[in-house]
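This is start.cif (mmCIF, C-alpha atoms and all ligand atoms).
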```
data_run
#
loop_
_atom_site.label_atom_id
_atom_site.label_comp_id
_atom_site.auth_asym_id
_atom_site.auth_seq_id
_atom_site.Cartn_x
_atom_site.Cartn_y
_atom_site.Cartn_z
CA MET A 1 -41.33 -16.86 -19.08
CA HIS A 2 -44.58 -16.41 -21.00
CA ALA A 3 -47.71 -16.35 -18.90
CA ALA A 4 -49.33 -18.92 -21.22
CA SER A 5 -46.70 -21.62 -20.76
CA LYS A 6 -46.54 -20.88 -17.03
CA ALA A 7 -50.31 -21.46 -16.96
CA ILE A 8 -49.97 -24.77 -18.80
CA PHE A 9 -47.39 -26.06 -16.35
CA TYR A 10 -49.45 -24.81 -13.45
CA ALA A 11 -52.40 -26.87 -14.73
CA LEU A 12 -50.17 -29.90 -15.34
CA SER A 13 -48.77 -29.63 -11.81
CA ARG A 14 -52.27 -30.52 -10.58
CA SER A 15 -52.69 -33.56 -12.84
CA ALA A 16 -53.06 -36.77 -10.83
CA VAL A 17 -52.23 -39.01 -13.82
CA LEU A 18 -48.98 -37.19 -14.59
CA LYS A 19 -48.12 -37.19 -10.92
CA ARG A 20 -48.48 -40.99 -10.76
CA LEU A 21 -46.39 -41.46 -13.89
CA ALA A 22 -43.71 -39.09 -12.66
CA SER A 23 -43.56 -40.75 -9.24
CA ARG A 24 -42.58 -44.00 -10.91
CA HIS A 25 -39.67 -42.54 -12.87
CA GLY A 26 -38.74 -39.09 -11.61
CA LEU A 27 -36.50 -39.92 -8.67
CA ALA A 28 -36.10 -43.67 -9.17
CA THR A 29 -32.32 -43.33 -9.43
CA PRO A 30 -29.92 -40.52 -8.50
CA THR A 31 -29.68 -39.65 -12.21
CA SER A 32 -33.44 -39.61 -12.87
CA PHE A 33 -34.77 -36.42 -14.45
CA ALA A 34 -36.17 -34.76 -11.33
CA SER A 35 -33.06 -35.30 -9.21
CA ARG A 36 -31.44 -32.24 -10.78
CA PHE A 37 -34.00 -30.13 -8.85
CA VAL A 38 -35.12 -32.36 -5.96
CA ALA A 39 -32.73 -33.82 -3.34
CA GLY A 40 -34.35 -37.27 -3.24
CA GLU A 41 -37.37 -38.56 -1.38
CA THR A 42 -35.89 -39.16 2.08
CA ILE A 43 -34.45 -37.08 4.92
CA GLU A 44 -31.21 -39.02 4.52
CA SER A 45 -30.84 -38.05 0.87
CA ALA A 46 -31.55 -34.38 1.69
CA ILE A 47 -28.94 -34.43 4.44
CA GLU A 48 -26.39 -35.97 2.14
CA VAL A 49 -27.05 -33.25 -0.46
CA SER A 50 -26.85 -30.55 2.25
CA ARG A 51 -23.49 -31.85 3.43
CA ARG A 52 -22.17 -31.70 -0.11
CA LEU A 53 -23.45 -28.13 -0.60
CA GLN A 54 -22.04 -26.98 2.73
CA SER A 55 -18.65 -28.44 1.85
CA GLN A 56 -18.72 -26.04 -1.14
CA GLY A 57 -19.24 -23.04 1.15
CA LEU A 58 -22.99 -22.80 0.54
CA LEU A 59 -25.67 -22.43 3.21
CA VAL A 60 -28.85 -24.52 3.06
CA THR A 61 -32.52 -24.49 3.96
CA LEU A 62 -34.31 -27.85 3.85
CA ASP A 63 -37.86 -28.14 2.62
CA HIS A 64 -39.92 -31.28 3.15
CA LEU A 65 -42.09 -30.96 0.08
CA GLY A 66 -45.82 -31.03 0.50
CA GLU A 67 -48.76 -28.71 0.05
CA ARG A 68 -52.53 -28.68 0.41
CA VAL A 69 -53.19 -31.47 2.91
CA GLY A 70 -56.76 -32.75 2.97
CA SER A 71 -57.41 -33.35 6.68
CA ILE A 72 -56.37 -32.34 10.17
CA GLU A 73 -54.65 -35.74 10.58
CA GLU A 74 -52.54 -35.15 7.46
CA SER A 75 -51.56 -31.69 8.72
CA VAL A 76 -50.45 -33.14 12.05
CA THR A 77 -48.46 -35.81 10.20
CA ALA A 78 -46.78 -33.07 8.14
CA ALA A 79 -45.84 -31.21 11.34
CA ARG A 80 -44.43 -34.46 12.79
CA ASP A 81 -42.40 -34.96 9.62
CA TYR A 82 -40.82 -31.57 10.31
CA LEU A 83 -40.02 -32.58 13.87
CA ARG A 84 -38.28 -35.70 12.53
CA LEU A 85 -36.42 -33.48 10.07
CA LEU A 86 -35.28 -31.18 12.91
CA ASP A 87 -34.00 -34.16 14.90
CA ALA A 88 -32.15 -35.49 11.87
CA ILE A 89 -30.61 -32.10 11.08
CA VAL A 90 -29.39 -31.70 14.65
CA ALA A 91 -28.03 -35.25 14.76
CA ALA A 92 -26.27 -34.88 11.40
CA GLY A 93 -24.79 -31.48 12.26
CA VAL A 94 -25.97 -29.79 9.08
CA GLU A 95 -27.17 -26.20 9.10
CA ARG A 96 -30.31 -25.61 11.15
CA ASN A 97 -32.63 -23.93 8.70
CA VAL A 98 -35.91 -25.22 7.22
CA SER A 99 -38.66 -23.90 4.94
CA LEU A 100 -42.30 -24.94 5.04
CA LYS A 101 -45.73 -24.14 3.60
CA LEU A 102 -48.86 -23.39 5.60
CA THR A 103 -51.15 -25.39 3.28
CA GLN A 104 -49.01 -28.33 4.41
CA LEU A 105 -49.86 -27.51 8.02
CA GLY A 106 -53.61 -27.29 7.41
CA ILE A 107 -54.33 -23.59 6.78
CA ASP A 108 -57.16 -24.62 4.42
CA ILE A 109 -58.76 -26.90 6.96
CA ASP A 110 -58.60 -25.23 10.31
CA TYR A 111 -56.84 -21.99 11.22
CA ALA A 112 -56.22 -22.91 14.88
CA THR A 113 -54.79 -26.32 13.96
CA CYS A 114 -52.44 -24.68 11.48
CA VAL A 115 -51.19 -22.23 14.14
CA ASP A 116 -50.77 -25.10 16.64
CA ASN A 117 -48.89 -27.17 14.08
CA LEU A 118 -46.56 -24.27 13.31
CA ARG A 119 -46.02 -23.57 17.00
CA SER A 120 -45.23 -27.27 17.57
CA ILE A 121 -42.38 -26.86 15.07
CA LEU A 122 -41.18 -23.42 16.23
CA GLU A 123 -40.82 -24.53 19.87
CA PRO A 124 -38.19 -27.26 19.34
CA ALA A 125 -36.70 -25.31 16.44
CA SER A 126 -36.11 -22.40 18.77
CA ARG A 127 -34.53 -24.67 21.41
CA HIS A 128 -32.17 -26.03 18.76
CA GLY A 129 -31.36 -22.64 17.23
CA CYS A 130 -33.11 -23.57 14.00
CA PHE A 131 -34.57 -20.90 11.73
CA VAL A 132 -37.96 -21.57 10.10
CA ARG A 133 -38.93 -19.78 6.88
CA ILE A 134 -42.60 -19.76 5.91
CA ASP A 135 -42.85 -20.02 2.13
CA MET A 136 -45.51 -17.90 0.39
CA GLU A 137 -48.13 -19.60 -1.75
CA ASN A 138 -50.64 -18.06 -4.15
CA SER A 139 -52.48 -14.83 -3.36
CA PRO A 140 -55.54 -16.30 -1.55
CA TYR A 141 -53.03 -17.24 1.18
CA THR A 142 -51.01 -14.04 1.42
CA ALA A 143 -52.99 -12.19 4.08
CA ARG A 144 -53.67 -15.33 6.14
CA THR A 145 -50.02 -16.40 6.01
CA LEU A 146 -48.86 -12.98 7.19
CA THR A 147 -51.49 -12.92 9.95
CA ILE A 148 -50.31 -16.27 11.28
CA PHE A 149 -46.71 -15.13 11.06
CA GLU A 150 -47.46 -11.90 12.92
CA THR A 151 -49.48 -13.73 15.57
CA LEU A 152 -46.52 -15.93 16.38
CA TRP A 153 -44.13 -13.00 16.19
CA GLU A 154 -46.25 -11.21 18.81
CA GLN A 155 -45.92 -14.35 20.95
CA ASP A 156 -42.15 -13.73 20.85
CA TYR A 157 -41.09 -16.35 18.35
CA ARG A 158 -38.05 -14.85 16.67
CA ASN A 159 -36.63 -17.88 14.85
CA VAL A 160 -39.14 -17.44 12.04
CA GLY A 161 -39.35 -15.40 8.85
CA VAL A 162 -41.58 -15.00 5.81
CA VAL A 163 -41.42 -14.79 2.04
CA LEU A 164 -42.77 -11.81 0.10
CA GLN A 165 -43.41 -11.89 -3.65
CA ALA A 166 -42.31 -8.90 -5.74
CA TYR A 167 -45.02 -9.50 -8.35
CA LEU A 168 -47.87 -8.76 -5.92
CA ARG A 169 -49.09 -5.18 -5.93
CA ARG A 170 -49.57 -5.26 -2.15
CA THR A 171 -45.99 -6.26 -1.34
CA GLU A 172 -44.42 -2.83 -0.83
CA ALA A 173 -46.71 -2.22 2.16
CA ASP A 174 -45.88 -5.70 3.51
CA VAL A 175 -42.16 -5.02 3.20
CA HIS A 176 -42.53 -1.82 5.23
CA ARG A 177 -44.49 -3.68 7.92
CA MET A 178 -42.00 -6.53 8.15
CA ASN A 179 -39.09 -4.08 8.30
CA GLN A 180 -40.78 -2.26 11.17
CA LEU A 181 -41.22 -5.55 13.03
CA GLY A 182 -37.59 -6.43 12.44
CA ALA A 183 -38.59 -9.69 10.75
CA SER A 184 -36.41 -11.41 8.18
CA VAL A 185 -37.92 -11.46 4.68
CA ARG A 186 -37.00 -13.65 1.73
CA LEU A 187 -37.82 -11.67 -1.42
CA VAL A 188 -38.81 -13.68 -4.52
CA LYS A 189 -40.37 -12.73 -7.86
CA GLY A 190 -43.36 -15.05 -7.30
CA ALA A 191 -44.03 -18.47 -8.80
CA TYR A 192 -47.84 -18.73 -9.10
CA ARG A 193 -50.41 -17.67 -11.65
CA GLU A 194 -52.01 -14.39 -10.62
CA THR A 195 -54.37 -11.92 -12.27
CA ALA A 196 -53.38 -8.43 -13.38
CA ALA A 197 -55.55 -6.98 -10.63
CA THR A 198 -53.39 -8.66 -7.99
CA ALA A 199 -49.97 -8.83 -9.56
CA TYR A 200 -47.70 -7.25 -12.13
CA THR A 201 -47.81 -9.49 -15.15
CA ARG A 202 -45.11 -7.90 -17.34
CA THR A 203 -41.58 -9.17 -16.72
CA GLN A 204 -40.08 -5.68 -16.64
CA ASP A 205 -42.60 -4.54 -14.01
CA VAL A 206 -41.86 -7.55 -11.80
CA ASP A 207 -38.12 -6.96 -12.14
CA ALA A 208 -38.47 -3.25 -11.33
CA ALA A 209 -40.57 -4.06 -8.26
CA PHE A 210 -38.04 -6.69 -7.17
CA LEU A 211 -35.17 -4.21 -7.24
CA ARG A 212 -37.17 -1.48 -5.52
CA LEU A 213 -38.19 -3.88 -2.73
CA ALA A 214 -34.71 -5.40 -2.44
CA LYS A 215 -33.33 -1.89 -1.80
CA LEU A 216 -35.96 -1.28 0.89
CA LEU A 217 -34.97 -4.55 2.54
CA LEU A 218 -31.26 -3.78 2.33
CA ASP A 219 -31.82 -0.31 3.81
CA GLU A 220 -34.21 -1.15 6.62
CA GLY A 221 -34.64 -4.93 6.82
CA SER A 222 -33.31 -7.60 9.11
CA LEU A 223 -31.01 -10.13 7.41
CA PRO A 224 -32.98 -10.09 4.14
CA ALA A 225 -32.68 -12.95 1.69
CA ILE A 226 -32.57 -11.89 -1.94
CA ALA A 227 -33.85 -15.00 -3.68
CA THR A 228 -33.38 -14.94 -7.43
CA HIS A 229 -31.25 -16.50 -10.16
CA ASP A 230 -31.52 -13.37 -12.27
CA PRO A 231 -27.94 -12.16 -12.87
CA VAL A 232 -29.03 -8.61 -13.74
CA LEU A 233 -30.90 -8.23 -10.45
CA ILE A 234 -28.10 -9.88 -8.50
CA ASP A 235 -25.58 -7.44 -9.99
CA ALA A 236 -27.87 -4.50 -9.19
CA VAL A 237 -28.27 -5.69 -5.59
CA ARG A 238 -24.53 -6.14 -5.23
CA ALA A 239 -23.89 -2.65 -6.61
CA TYR A 240 -26.46 -1.12 -4.25
CA ALA A 241 -25.07 -2.97 -1.21
CA THR A 242 -21.56 -1.77 -2.11
CA LYS A 243 -22.77 1.81 -2.56
CA ARG A 244 -24.45 1.67 0.86
CA ARG A 245 -21.32 0.05 2.36
CA LEU A 246 -23.36 -2.87 3.65
CA ALA A 247 -21.28 -5.67 5.13
CA ARG A 248 -21.65 -8.95 3.23
CA ASP A 249 -23.03 -10.72 6.28
CA ARG A 250 -25.99 -8.31 6.53
CA PHE A 251 -27.94 -10.05 3.76
CA GLU A 252 -27.86 -13.23 1.73
CA PHE A 253 -28.63 -14.49 -1.73
CA GLU A 254 -30.81 -17.55 -2.05
CA MET A 255 -31.23 -19.91 -4.98
CA LEU A 256 -32.96 -23.19 -5.67
CA TYR A 257 -31.16 -26.52 -5.65
CA GLY A 258 -29.85 -27.37 -9.12
CA ILE A 259 -30.44 -23.92 -10.63
CA ARG A 260 -27.57 -21.61 -11.67
CA ARG A 261 -24.98 -23.62 -9.76
CA ASP A 262 -22.30 -21.59 -11.57
CA LEU A 263 -23.69 -18.33 -10.17
CA GLN A 264 -24.02 -19.85 -6.67
CA ALA A 265 -20.34 -20.83 -6.76
CA SER A 266 -19.09 -17.51 -8.11
CA LEU A 267 -20.98 -15.54 -5.44
CA VAL A 268 -19.51 -17.75 -2.71
CA ALA A 269 -16.06 -17.26 -4.21
CA THR A 270 -16.49 -13.46 -3.96
CA GLY A 271 -17.46 -13.64 -0.29
CA TYR A 272 -21.28 -13.48 -0.37
CA ARG A 273 -23.60 -15.61 1.73
CA VAL A 274 -25.53 -17.92 -0.60
CA ARG A 275 -28.25 -20.22 0.70
CA VAL A 276 -29.57 -23.10 -1.38
CA TYR A 277 -33.17 -24.21 -0.98
CA VAL A 278 -33.01 -28.00 -0.78
CA PRO A 279 -36.41 -29.61 -1.46
CA PHE A 280 -36.98 -33.32 -0.85
CA GLY A 281 -39.79 -35.78 -0.22
CA HIS A 282 -42.41 -37.86 -1.98
CA GLU A 283 -44.56 -34.85 -2.86
CA TRP A 284 -42.08 -33.37 -5.31
CA PHE A 285 -44.25 -33.22 -8.41
CA PRO A 286 -45.97 -29.77 -8.12
CA TYR A 287 -42.66 -28.16 -7.10
CA PHE A 288 -40.91 -29.78 -10.04
CA MET A 289 -43.60 -28.67 -12.52
CA ARG A 290 -43.34 -25.06 -11.34
CA ARG A 291 -39.61 -25.18 -12.11
CA LEU A 292 -40.30 -26.55 -15.60
CA GLY A 293 -42.84 -23.78 -16.15
CA GLU A 294 -40.21 -21.16 -15.37
CA ARG A 295 -37.89 -22.26 -18.12
CA PRO A 296 -38.66 -24.10 -21.35
CA ALA A 297 -35.04 -25.29 -21.53
CA ASN A 298 -35.75 -27.44 -18.48
CA VAL A 299 -38.31 -29.40 -20.47
CA VAL A 300 -35.65 -30.16 -23.06
CA PHE A 301 -33.34 -31.20 -20.23
CA VAL A 302 -35.99 -33.60 -18.88
CA LEU A 303 -36.76 -35.07 -22.30
CA ARG A 304 -33.05 -35.62 -22.93
CA SER A 305 -32.64 -37.38 -19.56
CA LEU A 306 -35.62 -39.59 -20.33
CA ALA A 307 -34.26 -40.46 -23.75
CA ALA A 308 -30.87 -41.29 -22.24
CA GLU A 309 -32.48 -43.58 -19.67
CA ARG A 310 -34.41 -45.62 -22.21
P1 LIG B 1 -36.33 -15.52 -13.67
O1 LIG B 1 -37.43 -16.51 -13.72
O2 LIG B 1 -36.45 -14.28 -14.45
O3 LIG B 1 -35.00 -16.26 -14.06
C1 LIG B 1 -33.75 -15.61 -14.19
C2 LIG B 1 -32.73 -16.62 -14.69
O4 LIG B 1 -32.57 -17.64 -13.71
C3 LIG B 1 -33.16 -17.37 -15.93
O5 LIG B 1 -32.81 -16.69 -17.09
C4 LIG B 1 -32.41 -18.68 -15.78
O6 LIG B 1 -31.06 -18.53 -16.12
C5 LIG B 1 -32.47 -18.91 -14.29
N1 LIG B 1 -33.65 -19.72 -13.91
C6 LIG B 1 -34.76 -19.27 -13.30
N2 LIG B 1 -35.62 -20.28 -13.06
C7 LIG B 1 -35.03 -21.37 -13.54
C8 LIG B 1 -35.41 -22.73 -13.60
N3 LIG B 1 -36.57 -23.16 -13.11
N4 LIG B 1 -34.55 -23.60 -14.17
C9 LIG B 1 -33.37 -23.18 -14.65
N5 LIG B 1 -32.95 -21.91 -14.63
C10 LIG B 1 -33.78 -21.02 -14.08
N6 LIG B 1 -41.85 -18.38 -5.09
C11 LIG B 1 -43.00 -18.20 -4.40
O7 LIG B 1 -44.00 -17.79 -4.97
N7 LIG B 1 -43.03 -18.48 -3.04
C12 LIG B 1 -41.92 -18.90 -2.35
O8 LIG B 1 -42.00 -19.12 -1.14
C13 LIG B 1 -40.71 -19.07 -3.07
N8 LIG B 1 -39.57 -19.49 -2.46
C14 LIG B 1 -38.38 -19.46 -3.14
C15 LIG B 1 -37.18 -19.69 -2.48
C16 LIG B 1 -35.97 -19.52 -3.15
C17 LIG B 1 -34.69 -19.75 -2.43
C18 LIG B 1 -35.96 -19.14 -4.53
C19 LIG B 1 -34.68 -18.93 -5.28
C20 LIG B 1 -37.14 -18.96 -5.21
C21 LIG B 1 -38.36 -19.13 -4.54
N9 LIG B 1 -39.56 -18.94 -5.21
C22 LIG B 1 -40.72 -18.80 -4.47
C23 LIG B 1 -39.61 -18.95 -6.69
C24 LIG B 1 -39.57 -17.56 -7.31
O9 LIG B 1 -40.77 -16.89 -7.06
C25 LIG B 1 -39.34 -17.65 -8.83
O10 LIG B 1 -40.43 -18.31 -9.40
C26 LIG B 1 -38.06 -18.34 -9.25
O11 LIG B 1 -37.01 -18.04 -8.40
C27 LIG B 1 -37.66 -17.94 -10.67
O12 LIG B 1 -37.48 -16.57 -10.75
P2 LIG B 1 -36.02 -15.84 -10.79
O13 LIG B 1 -36.04 -14.79 -9.76
O14 LIG B 1 -34.93 -16.81 -10.67
O15 LIG B 1 -36.03 -15.07 -12.17
#
```
Render the structure in this file as structure tokens.
Amino acid sequence: MHAASKAIFYALSRSAVLKRLASRHGLATPTSFASRFVAGETIESAIEVSRRLQSQGLLVTLDHLGERVGSIEESVTAARDYLRLLDAIVAAGVERNVSLKLTQLGIDIDYATCVDNLRSILEPASRHGCFVRIDMENSPYTARTLTIFETLWEQDYRNVGVVLQAYLRRTEADVHRMNQLGASVRLVKGAYRETAATAYTRTQDVDAAFLRLAKLLLDEGSLPAIATHDPVLIDAVRAYATKRRLARDRFEFEMLYGIRRDLQASLVATGYRVRVYVPFGHEWFPYFMRRLGERPANVVFVLRSLAAER
């Protein structure tokens, strides 16, 4: 994806007017344009989607969409939403695995509140055997996110893992540190707009870094998640894992809901663990815009759906 169009979609993802317009139409019905990528606005709809995915042999992680809360109260509400999600997951019997963002839990507002909010989720999650993955946001949050993660790790929370972004120049050192800790890492290419000083900006450099880091994780990591839809990288990871005689339950592939469903199914059919990231909630707009920014064809898909609905 060209940096320029990624930048445009990044800017649009922050537009309040577009967000209001999209909220009215995007998920109004199960066939609305955003429902290809977002599992509805409610916990119930996300659980229904998760059940369907699990019946196809896929694993899931549920993400209650939200980022950048504006007050301590909102961050506490976001943490409570996760507690409700945990209860619902346990009651419904779907897989116990969630993903969350620290800007949702107040990292911008108050560090201690953010840590408390996260701990308030990790405690019951741990009791229920639920794994919590901390998503990685743009580079101003990288160090702080890892510090919070490592603080809780030192406090013996083990049902938690992080995400590292292959496009960041710093990531190789972070991978080594996480491998030494024995922490589970989800490796992604990276979805935000970053400068050349911080990140690789050429596609081939990002892809090369991804494969190099994926190998490090396969060699020394703890249940790494290789999160990409890129068939070339997936094939390279499979080949490396086979060469190293790694059992198929020692790592997993992860993909986003609605993206490369064909590849998800074919990996499951060949015996790999494949986890689908299932996002839901009212705050779906920025997530959705990032997905459009990754692939121009998605814009055509949205326009077609809109035309069909008229
Ligand atoms: P790339 O963008 O090169 O795409 C490879 C191929 O995949 C494309 O040719 C196309 O076929 C398909 N594809 C990719 N994106 C598509 C789309 N939007 N629509 C349709 N097809 C598409 N990022 C981040 O910064 N922090 C995070 O915490 C996470 N978390 C996360 C979890 C999971 C499970 C996944 C899969 C991804 C993330 N990401 C993320 C997003 C990640 O950084 C990246 O932006 C996307 O995965 C797209 O990159 P690919 O690796 O798929 O490759």
List every residue of chain A that has an atom at most 9 Å from any atom of ligand LIG 1 (chain B), and for each one report the closest atom pair and its distance in Å to one decimal, counting only C-alpha atoms and all ligand atoms, with rows sorted by chain and then by increasing residue number, as a tab-separated table.
```
residue	atom	partner	partner_atom	distance
A:Met1	CA	B:LIG1	O1	6.6
A:Phe37	CA	B:LIG1	N4	8.4
A:Thr61	CA	B:LIG1	C17	8.2
A:Ser99	CA	B:LIG1	O8	8.4
A:Leu100	CA	B:LIG1	O8	8.5
A:Lys101	CA	B:LIG1	O8	7.8
A:Arg133	CA	B:LIG1	O8	8.6
A:Ile134	CA	B:LIG1	O8	7.1
A:Asp135	CA	B:LIG1	O8	3.5
A:Met136	CA	B:LIG1	O8	4.0
A:Glu137	CA	B:LIG1	N7	5.4
A:Asn138	CA	B:LIG1	O7	6.7
A:Val162	CA	B:LIG1	O8	8.1
A:Val163	CA	B:LIG1	O8	5.4
A:Leu164	CA	B:LIG1	N7	7.4
A:Gln165	CA	B:LIG1	O7	6.1
A:Ala166	CA	B:LIG1	O9	8.2
A:Tyr167	CA	B:LIG1	O9	8.6
A:Arg186	CA	B:LIG1	C15	7.4
A:Leu187	CA	B:LIG1	C14	8.0
A:Val188	CA	B:LIG1	O9	4.5
A:Lys189	CA	B:LIG1	O9	4.3
A:Gly190	CA	B:LIG1	O9	3.2
A:Ala191	CA	B:LIG1	O10	3.7
A:Tyr192	CA	B:LIG1	O7	5.7
A:Thr203	CA	B:LIG1	O2	7.6
A:Asp207	CA	B:LIG1	O2	7.9
A:Phe210	CA	B:LIG1	O13	8.7
A:Ala225	CA	B:LIG1	C17	8.2
A:Ile226	CA	B:LIG1	C19	8.1
A:Ala227	CA	B:LIG1	C19	4.3
A:Thr228	CA	B:LIG1	O13	3.5
A:His229	CA	B:LIG1	O14	3.7
A:Asp230	CA	B:LIG1	C1	3.7
A:Pro231	CA	B:LIG1	C2	6.8
A:Val232	CA	B:LIG1	C1	8.5
A:Leu233	CA	B:LIG1	O13	8.4
A:Phe253	CA	B:LIG1	C17	8.1
A:Glu254	CA	B:LIG1	C17	4.5
A:Met255	CA	B:LIG1	C19	3.6
A:Leu256	CA	B:LIG1	C19	4.6
A:Tyr257	CA	B:LIG1	C17	8.3
A:Gly258	CA	B:LIG1	C9	7.8
A:Ile259	CA	B:LIG1	C9	5.0
A:Arg260	CA	B:LIG1	N5	6.1
A:Arg275	CA	B:LIG1	C17	7.2
A:Val276	CA	B:LIG1	C17	6.2
A:Tyr277	CA	B:LIG1	C17	4.9
A:Val278	CA	B:LIG1	C17	8.6
A:Phe288	CA	B:LIG1	N3	8.5
A:Met289	CA	B:LIG1	N3	9.0
A:Arg290	CA	B:LIG1	N3	7.3
A:Arg291	CA	B:LIG1	N3	3.8
A:Leu292	CA	B:LIG1	N3	5.6
A:Gly293	CA	B:LIG1	N3	7.0
A:Glu294	CA	B:LIG1	N3	4.7
A:Arg295	CA	B:LIG1	C8	5.2
A:Pro296	CA	B:LIG1	N4	8.3
A:Ala297	CA	B:LIG1	C9	7.4
A:Asn298	CA	B:LIG1	N4	5.9
```
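Reported to one decimal place, the separation of CA of Thr201 (chain A) from CA of Ile107 (chain A) is 26.9 Å.
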Check: Which residues come within 12 Å of Ala247 (chain A), counting all atoms listed in the file, excluding same-chain residues fewer than 2 positions away, as a list of chain:residue names?
Finding: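 Within the cut-off, the hits are A:Leu218, A:Asp219, A:Leu223, A:Arg238, A:Tyr240, A:Ala241, A:Thr242, A:Lys243, A:Arg244, A:Arg245, A:Asp249, A:Arg250, A:Phe251, A:Glu252, A:Gly271, A:Tyr272, A:Arg273.
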Note to self: What's the separation between CA of Met178 (chain A) and CA of Glu220 (chain A), in Å to one decimal place?
What the structure shows: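 Straight-line distance from CA of Met178 (chain A) to CA of Glu220 (chain A) works out to 9.6 Å.
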Note to self: Would you pick out the contacts of Leu86 (chain A) at 12 Å or less, using only C-alpha atoms, so that residues sharing its chain but fewer than 5 positions from it are not included, and give the list as a ChimeraX atom specification?
What the structure shows: /A:43,47,61-64,79-81,91-99,120-132
Hey, can you spit out that residue selection with C-alpha atoms as a PDB file, keeping the file's coordinate frame?
```
ATOM      1  CA  ILE A  43     -34.450 -37.080   4.920  1.00  0.00           C
ATOM      2  CA  ILE A  47     -28.940 -34.430   4.440  1.00  0.00           C
ATOM      3  CA  THR A  61     -32.520 -24.490   3.960  1.00  0.00           C
ATOM      4  CA  LEU A  62     -34.310 -27.850   3.850  1.00  0.00           C
ATOM      5  CA  ASP A  63     -37.860 -28.140   2.620  1.00  0.00           C
ATOM      6  CA  HIS A  64     -39.920 -31.280   3.150  1.00  0.00           C
ATOM      7  CA  ALA A  79     -45.840 -31.210  11.340  1.00  0.00           C
ATOM      8  CA  ARG A  80     -44.430 -34.460  12.790  1.00  0.00           C
ATOM      9  CA  ASP A  81     -42.400 -34.960   9.620  1.00  0.00           C
ATOM     10  CA  ALA A  91     -28.030 -35.250  14.760  1.00  0.00           C
ATOM     11  CA  ALA A  92     -26.270 -34.880  11.400  1.00  0.00           C
ATOM     12  CA  GLY A  93     -24.790 -31.480  12.260  1.00  0.00           C
ATOM     13  CA  VAL A  94     -25.970 -29.790   9.080  1.00  0.00           C
ATOM     14  CA  GLU A  95     -27.170 -26.200   9.100  1.00  0.00           C
ATOM     15  CA  ARG A  96     -30.310 -25.610  11.150  1.00  0.00           C
ATOM     16  CA  ASN A  97     -32.630 -23.930   8.700  1.00  0.00           C
ATOM     17  CA  VAL A  98     -35.910 -25.220   7.220  1.00  0.00           C
ATOM     18  CA  SER A  99     -38.660 -23.900   4.940  1.00  0.00           C
ATOM     19  CA  SER A 120     -45.230 -27.270  17.570  1.00  0.00           C
ATOM     20  CA  ILE A 121     -42.380 -26.860  15.070  1.00  0.00           C
ATOM     21  CA  LEU A 122     -41.180 -23.420  16.230  1.00  0.00           C
ATOM     22  CA  GLU A 123     -40.820 -24.530  19.870  1.00  0.00           C
ATOM     23  CA  PRO A 124     -38.190 -27.260  19.340  1.00  0.00           C
ATOM     24  CA  ALA A 125     -36.700 -25.310  16.440  1.00  0.00           C
ATOM     25  CA  SER A 126     -36.110 -22.400  18.770  1.00  0.00           C
ATOM     26  CA  ARG A 127     -34.530 -24.670  21.410  1.00  0.00           C
ATOM     27  CA  HIS A 128     -32.170 -26.030  18.760  1.00  0.00           C
ATOM     28  CA  GLY A 129     -31.360 -22.640  17.230  1.00  0.00           C
ATOM     29  CA  CYS A 130     -33.110 -23.570  14.000  1.00  0.00           C
ATOM     30  CA  PHE A 131     -34.570 -20.900  11.730  1.00  0.00           C
ATOM     31  CA  VAL A 132     -37.960 -21.570  10.100  1.00  0.00           C
TER      32      VAL A 132
END
```
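The closest residue to Tyr287 (chain A), picked from A:Ser184, A:Thr42, A:Ser13, A:Thr171 and counting all atoms listed in the file, is A:Ser13.
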Margin query: I'd like the interatomic distance between CA of Gly106 (chain A) and CA of Gly70 (chain A), to a tenth of an Å.
Written below: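 That distance, rounded to one decimal, is 7.7 Å.
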Check: Looking at A:Asp156, A:Gly182, A:Leu85, A:Glu73, which one is nearest to Ser45 (chain A), with distances taken over all atoms listed in the file?
Finding: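 Distance minimum relative to Ser45 (chain A) lands on A:Leu85.
Counting only C-alpha atoms, Gln264 (chain A) has the following residues at most 8 Å away, ignoring those fewer than 2 positions along the same chain: Leu58, Met255, Arg260, Arg261, Asp262, Ser266, Leu267, Val268 and Val274 of chain A.
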Notebook entry, point to check: Closest to Asp110 (chain A) among A:Leu146, A:Ala88, A:Ile72, A:Ala269, using all atoms listed in the file?
Noted result: A:Ile72
Item checked: Protein and nucleic acid residues near (-50.9, -18.5, 15.0) (cut-off 10 Å, all atoms listed in the file) as a PyMOL selection string -> chain A and resi 111-119+144-155
Next item on the list: Rank nothing, just name the residue among A:Ala196, A:Glu283, A:Leu53, A:Ala39 nearest to Ala265 (chain A), using only C-alpha atoms.
Entry: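 So, comparing all the options, the nearest one is A:Leu53.
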Item checked: Shell of 7 Å around Tyr200 (chain A), only C-alpha atoms, local chain residues under 2 positions omitted, as a list of chain:residue names ->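 Near neighbours after the sequence-gap exclusion: A:Tyr167, A:Leu168, A:Arg169, A:Ala196, A:Arg202, A:Asp205, A:Val206.
The nearest approach to Leu27 (chain A) among the residues A:Gly281, A:Pro286, A:Gly221, A:Pro140, with only C-alpha atoms taken into account, belongs to A:Gly281.
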